[in-house]
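Accompanying notes for the structure given below.
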Amino acid sequence: MSKKARIKEGKVSRRSFVKLLSAVTAGAIAVPDKSEAFNLDAFLQKHFHELTDEEMQQTLDRLTREYNEKYDREDFSVVADGPQQGVKFAYALNLSKCIGCRKCVHACVEENNQHRGTEERKDQIEYIRVLEMEKGSLDLEKSVHDYDHEVPAEGKYYMPVQCHHCNKAPCVKACPVEATWQEPDGIVVVDYNWCIGCRYCAAACPYWARKFNWVEPRLPSEEINPDTHFLGNRPRYNGVMEKCTFCINRVRKGLNPACHDICPTGSRKFGNLLDADSVIRRIIDTKRIYILKEEVGTDPSFYYFFD
Amino acid sequence: MGFVVKSVRGMFSGGKRYYLWLGFLSVLIGMGVFAYYRQTVHGLGVTGMTDQVSWGVYIANFTFLVGVAAAAVMMVIPGYLYHNKEVKGGVLLGEMVAIGAIVMCLLFVVADLGRPDRMLHMIPPFGKFNFPLSMLAWDVLVLNGYLLLNLHVPGYLLYKRYKGEEPVQWIYLPFVYISIVWAISIHTVTAFLYTGLAGRPFWNAAILAPRFIASAFCAGPAFIILVLEIVKGWTRFPMGNRVISFLRMVVLIAGLINVFLLISEVFTEFYAASVHVASARYLFFGLHGYNSLVPWMWTSITMNVLGLLALASRKFENRGVVVRNIPLAFLIVAIWIEKGMGLVFPGFIPTPLGEIVEYLPSANEVMVSLGIWGVGLFIMTVLIKHAVDIETGEVVPKKQ
């Protein structure tokens, strides 16, 4: 949420207790019913790993039906394509080339059906945060997040940050209900029907990659990407965590992530770490690699490099 | 059966002031329920929390109250183990406070959940419990275990007292020993919840766990003293002054250790002044013009020092009931600020990517919190009333 929006909402700091009481009472009387109707099938839905093949198919069918109905469409597809043998995904980003245009940020939102934000909260969920860094420093605390000028700016360089799909992921360790885990192909995913919304994973993440649905996500029907994956870009629920999945719906079909394809500078490289001829292996072998917060020991699948 | 019926009847009968107090708490609870209903309808967006500061006053109060709950053990040790008769009456009350505090802890955690409807996901065999990997899973276990221990021991003792029988040692004494270790564990595990996060340098410090224990054994017994003073002043509960002087000593020593640990922490952060000092700088002095926690933190430090000086001087000890308890109230407020706002919020500020977004609780969030405090104090009140009734012999079985 932007700072302005929070001020507008009126926090308690300078309010008298009486004012606070009356405000709350007034607010409570005018509660519109925004809650989802109780859904027994969803309530009883098992953890992703517990579903048999048959139950999985039934769940996918039900979700497809529910999404079509909820978003007034007919073309939803929810799949659960599994990982391929011998594939371990990794990402590399060229810090010498990135110009900070944020095209990746927006392509990601469109591909992954994120909450588009509400008028008063301005809280669109974005998996990628582009940091405007000062040349000569890698100190994240000197970075600017809300720059709003022509890019690239003099004396600056740009560093997009998203989920690093850590092999020793602190978020996976933190989750009390195993609602988030790393798939065999390296993608760290969330079961949106299992997450209890405690946000311990968000506290644990050193890359600020986990985003929470604080409100019922707003997703206009006409902006929806109907080709969805159970562990990826299917529409989310209020009160659950979500994150970058390397566009699991695309990469498991052999495509590249949306942020990769939109990038006008070619800064973004994606591939299979286990394939000796892949672009990602060539970069690791030939370029200077920088691992963000390597000292935290998360062993990420995301590398920065320089030309 | 007679025990239960009489107990419940006793819990809800009392003087005018008693009803007034229960009525006041019920109003708080009612407003809390209303506010929580709003939260369940709209989602956690009705709080002041954001992706930047993703835990707020719920988790802050939770952290503080775990300490209050753990502190009951300070009375259990001398009371049960050394058969110090005078402390024993206080022990019961301390455990009642612990029960209320744990219930509040559990409620604060539930209030913080985005999907409380999926709570079963934590409970095997319906759910998947990420144990032993997740510290939060540990915390759920130890808190519920502590609640059961604290229900069992005083429940049994009171029942025997009501029957006019001597309690059988093996039925409760082993659990007393367990609860002593367990009390330390609930607070240690809660500290580990924070210290285990390598990505948050402000929390990722070994000193956090000992500091948690020290501050808990300062604020917790201080809170229990206030309860004892009220019980002593308003009922015929048999209790000498030795319990309270013992506890005041505990508060003072734990408080001094806490301040020492704080100084060690502050020195390390600011003398080394690595990039990790940002959160501490934000907390004590403000960062890049953001400083909403600064007045709170200095209030906390001032109250902490004044409270400890007053206790150490022993000048207040023999004064009137209000004056002698002011230093304790100071320490409770100081540590509530320090453990809540001072510990939880700055861990998120700045974010791991260096962004600074401040946090203020929303009105709705404050109402839910007050409601939970209402529930906890309500439970403490009726349980203590019950213990007092039995100890003063106002609830006894009918003659055969």
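All residue names refer to the structure tokens as shown: chains lettered A, B, ... in order, residues numbered from 1 in each chain, ligands numbered from 1 in order.
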Excluding range 349-353 of chain B and residues on its chain fewer than 2 positions from it, collect all residues at most 8 Å away from it, counting only C-alpha atoms, and give them as a PDB file with N, CA and C atoms, in the first residue's frame.
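Written file, part_20.pdb:
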ATOM      1  N   LEU A 140      21.644  -2.294  -0.740  1.00  0.00           N
ATOM      2  CA  LEU A 140      20.214  -2.231  -1.064  1.00  0.00           C
ATOM      3  C   LEU A 140      19.524  -1.076  -0.340  1.00  0.00           C
ATOM      4  N   GLU A 141      20.068  -0.692   0.824  1.00  0.00           N
ATOM      5  CA  GLU A 141      19.407   0.386   1.563  1.00  0.00           C
ATOM      6  C   GLU A 141      19.546   1.740   0.882  1.00  0.00           C
ATOM      7  N   PRO A 206      14.519 -13.566   2.589  1.00  0.00           N
ATOM      8  CA  PRO A 206      15.510 -12.488   2.536  1.00  0.00           C
ATOM      9  C   PRO A 206      15.382 -11.628   1.274  1.00  0.00           C
ATOM     10  N   TYR A 207      14.548 -12.034   0.334  1.00  0.00           N
ATOM     11  CA  TYR A 207      14.436 -11.314  -0.935  1.00  0.00           C
ATOM     12  C   TYR A 207      13.106 -10.563  -1.075  1.00  0.00           C
ATOM     13  N   TRP A 208      12.316 -10.564  -0.015  1.00  0.00           N
ATOM     14  CA  TRP A 208      11.016  -9.882  -0.009  1.00  0.00           C
ATOM     15  C   TRP A 208      10.194 -10.321  -1.237  1.00  0.00           C
TER      16      TRP A 208
ATOM     17  N   GLN B  52       5.212  -4.899   3.318  1.00  0.00           N
ATOM     18  CA  GLN B  52       6.489  -4.453   3.900  1.00  0.00           C
ATOM     19  C   GLN B  52       6.563  -4.787   5.385  1.00  0.00           C
ATOM     20  N   VAL B  53       5.511  -4.426   6.123  1.00  0.00           N
ATOM     21  CA  VAL B  53       5.468  -4.762   7.552  1.00  0.00           C
ATOM     22  C   VAL B  53       4.322  -5.757   7.718  1.00  0.00           C
ATOM     23  N   GLY B 199      17.479 -13.931   7.199  1.00  0.00           N
ATOM     24  CA  GLY B 199      17.245 -12.799   6.313  1.00  0.00           C
ATOM     25  C   GLY B 199      16.838 -11.529   7.036  1.00  0.00           C
ATOM     26  N   ARG B 200      16.654 -11.594   8.357  1.00  0.00           N
ATOM     27  CA  ARG B 200      16.262 -10.411   9.138  1.00  0.00           C
ATOM     28  C   ARG B 200      17.325 -10.161  10.194  1.00  0.00           C
ATOM     29  N   ALA B 278      20.683  -0.640  10.474  1.00  0.00           N
ATOM     30  CA  ALA B 278      19.577   0.195   9.993  1.00  0.00           C
ATOM     31  C   ALA B 278      18.319   0.063  10.848  1.00  0.00           C
ATOM     32  N   SER B 279      17.920  -1.162  11.171  1.00  0.00           N
ATOM     33  CA  SER B 279      16.699  -1.351  11.949  1.00  0.00           C
ATOM     34  C   SER B 279      16.820  -0.731  13.337  1.00  0.00           C
ATOM     35  N   TYR B 282      16.662   2.926  13.059  1.00  0.00           N
ATOM     36  CA  TYR B 282      15.269   3.337  12.863  1.00  0.00           C
ATOM     37  C   TYR B 282      14.536   3.363  14.200  1.00  0.00           C
ATOM     38  N   PHE B 345       8.162  -4.682  15.026  1.00  0.00           N
ATOM     39  CA  PHE B 345       8.073  -3.775  13.870  1.00  0.00           C
ATOM     40  C   PHE B 345       9.428  -3.477  13.215  1.00  0.00           C
ATOM     41  N   PRO B 346      10.457  -3.112  14.005  1.00  0.00           N
ATOM     42  CA  PRO B 346      11.717  -2.748  13.335  1.00  0.00           C
ATOM     43  C   PRO B 346      12.349  -3.904  12.575  1.00  0.00           C
ATOM     44  N   GLY B 347      11.977  -5.162  12.903  1.00  0.00           N
ATOM     45  CA  GLY B 347      12.487  -6.290  12.133  1.00  0.00           C
ATOM     46  C   GLY B 347      12.101  -6.178  10.667  1.00  0.00           C
ATOM     47  N   GLU B 355      13.633  -1.007   1.516  1.00  0.00           N
ATOM     48  CA  GLU B 355      12.540  -0.035   1.443  1.00  0.00           C
ATOM     49  C   GLU B 355      12.049   0.290   2.857  1.00  0.00           C
ATOM     50  N   ILE B 356      11.684   1.535   3.091  1.00  0.00           N
ATOM     51  CA  ILE B 356      11.170   1.909   4.409  1.00  0.00           C
ATOM     52  C   ILE B 356       9.684   2.234   4.294  1.00  0.00           C
ATOM     53  N   VAL B 357       8.858   1.419   4.905  1.00  0.00           N
ATOM     54  CA  VAL B 357       7.431   1.716   5.008  1.00  0.00           C
ATOM     55  C   VAL B 357       7.082   1.574   6.478  1.00  0.00           C
ATOM     56  N   GLU B 358       6.479   2.610   7.054  1.00  0.00           N
ATOM     57  CA  GLU B 358       6.157   2.549   8.476  1.00  0.00           C
ATOM     58  C   GLU B 358       4.817   1.856   8.674  1.00  0.00           C
TER      59      GLU B 358
END
All residues 12 Å or closer to Ile390 in chain B, only C-alpha atoms, same chain fewer than 2 positions away omitted, as a count of residues only: 33
Using only C-alpha atoms, tabulate the residues of range 45-67 of chain B lying at most 12 Å from any atom of range 227-244 of chain A, each with its closest atom pair and that distance in Å to one decimal, by chain and increasing residue number, as a tab-separated table.
residue	atom	partner	partner_atom	distance
B:Gly45	CA	A:Gly239	CA	9.0
B:Val46	CA	A:Gly239	CA	11.7
B:Asp51	CA	A:Met241	CA	10.2
B:Ser54	CA	A:Met241	CA	11.3
Return the single residue from A:Leu292, A:Leu95, A:Met56, A:Leu44 that is closest to Val79 in chain A, with distances computed using only C-alpha atoms.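 Nearest to Val79 in chain A: A:Met56.
If only C-alpha atoms are the atoms counted, then among B:Phe217, B:Tyr36, B:Phe12, B:Trp138 the closest residue to Ile372 in chain B is B:Tyr36.
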Taking only range 3-250 of chain A into account, list the residues labelled strand (DSSP E) by DSSP (computed from the backbone), as an MDAnalysis selection string. chainID A and resid 77:79 89:94 129:134 156:161 180:182 188:190 211:212 227:229 241:242
Could you turn the residues from that selection into a file that holds C-alpha atoms, as a PDB file, in the first residue's frame?
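And here's again.pdb as it stands now:
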ATOM      1  CA  SER A  77      -8.042 -24.141 -18.079  1.00  0.00           C
ATOM      2  CA  VAL A  78      -6.399 -25.266 -14.849  1.00  0.00           C
ATOM      3  CA  VAL A  79      -3.670 -27.857 -15.263  1.00  0.00           C
ATOM      4  CA  PHE A  89      15.467 -24.343 -13.751  1.00  0.00           C
ATOM      5  CA  ALA A  90      17.666 -21.335 -13.093  1.00  0.00           C
ATOM      6  CA  TYR A  91      17.588 -17.663 -13.968  1.00  0.00           C
ATOM      7  CA  ALA A  92      20.338 -15.175 -14.673  1.00  0.00           C
ATOM      8  CA  LEU A  93      20.015 -11.416 -14.962  1.00  0.00           C
ATOM      9  CA  ASN A  94      22.524  -9.130 -16.617  1.00  0.00           C
ATOM     10  CA  ARG A 129      10.655  -5.141  -7.647  1.00  0.00           C
ATOM     11  CA  VAL A 130      13.138  -3.115  -9.707  1.00  0.00           C
ATOM     12  CA  LEU A 131      15.670  -1.305  -7.533  1.00  0.00           C
ATOM     13  CA  GLU A 132      17.379   1.820  -8.786  1.00  0.00           C
ATOM     14  CA  MET A 133      20.897   1.474  -7.443  1.00  0.00           C
ATOM     15  CA  GLU A 134      23.669   4.001  -7.085  1.00  0.00           C
ATOM     16  CA  LYS A 156      22.324   4.696 -11.700  1.00  0.00           C
ATOM     17  CA  TYR A 157      22.030   1.048 -12.526  1.00  0.00           C
ATOM     18  CA  TYR A 158      19.039  -1.253 -12.089  1.00  0.00           C
ATOM     19  CA  MET A 159      18.527  -4.455 -10.206  1.00  0.00           C
ATOM     20  CA  PRO A 160      15.231  -6.340 -10.535  1.00  0.00           C
ATOM     21  CA  VAL A 161      14.572  -8.681  -7.607  1.00  0.00           C
ATOM     22  CA  THR A 180       4.925 -24.101   0.281  1.00  0.00           C
ATOM     23  CA  TRP A 181       7.712 -26.315  -1.067  1.00  0.00           C
ATOM     24  CA  GLN A 182      10.334 -26.666  -3.773  1.00  0.00           C
ATOM     25  CA  VAL A 188       9.194 -22.940  -5.130  1.00  0.00           C
ATOM     26  CA  VAL A 189       5.398 -23.059  -5.152  1.00  0.00           C
ATOM     27  CA  VAL A 190       2.407 -22.384  -2.886  1.00  0.00           C
ATOM     28  CA  LYS A 211       3.245 -11.266  -1.476  1.00  0.00           C
ATOM     29  CA  PHE A 212       0.061 -11.561   0.538  1.00  0.00           C
ATOM     30  CA  ASP A 227      -4.263 -20.659 -19.243  1.00  0.00           C
ATOM     31  CA  THR A 228      -3.448 -21.454 -15.663  1.00  0.00           C
ATOM     32  CA  HIS A 229      -1.530 -23.906 -13.517  1.00  0.00           C
ATOM     33  CA  MET A 241       0.367 -15.990   0.116  1.00  0.00           C
ATOM     34  CA  GLU A 242       1.605 -15.990  -3.465  1.00  0.00           C
TER      35      GLU A 242
END
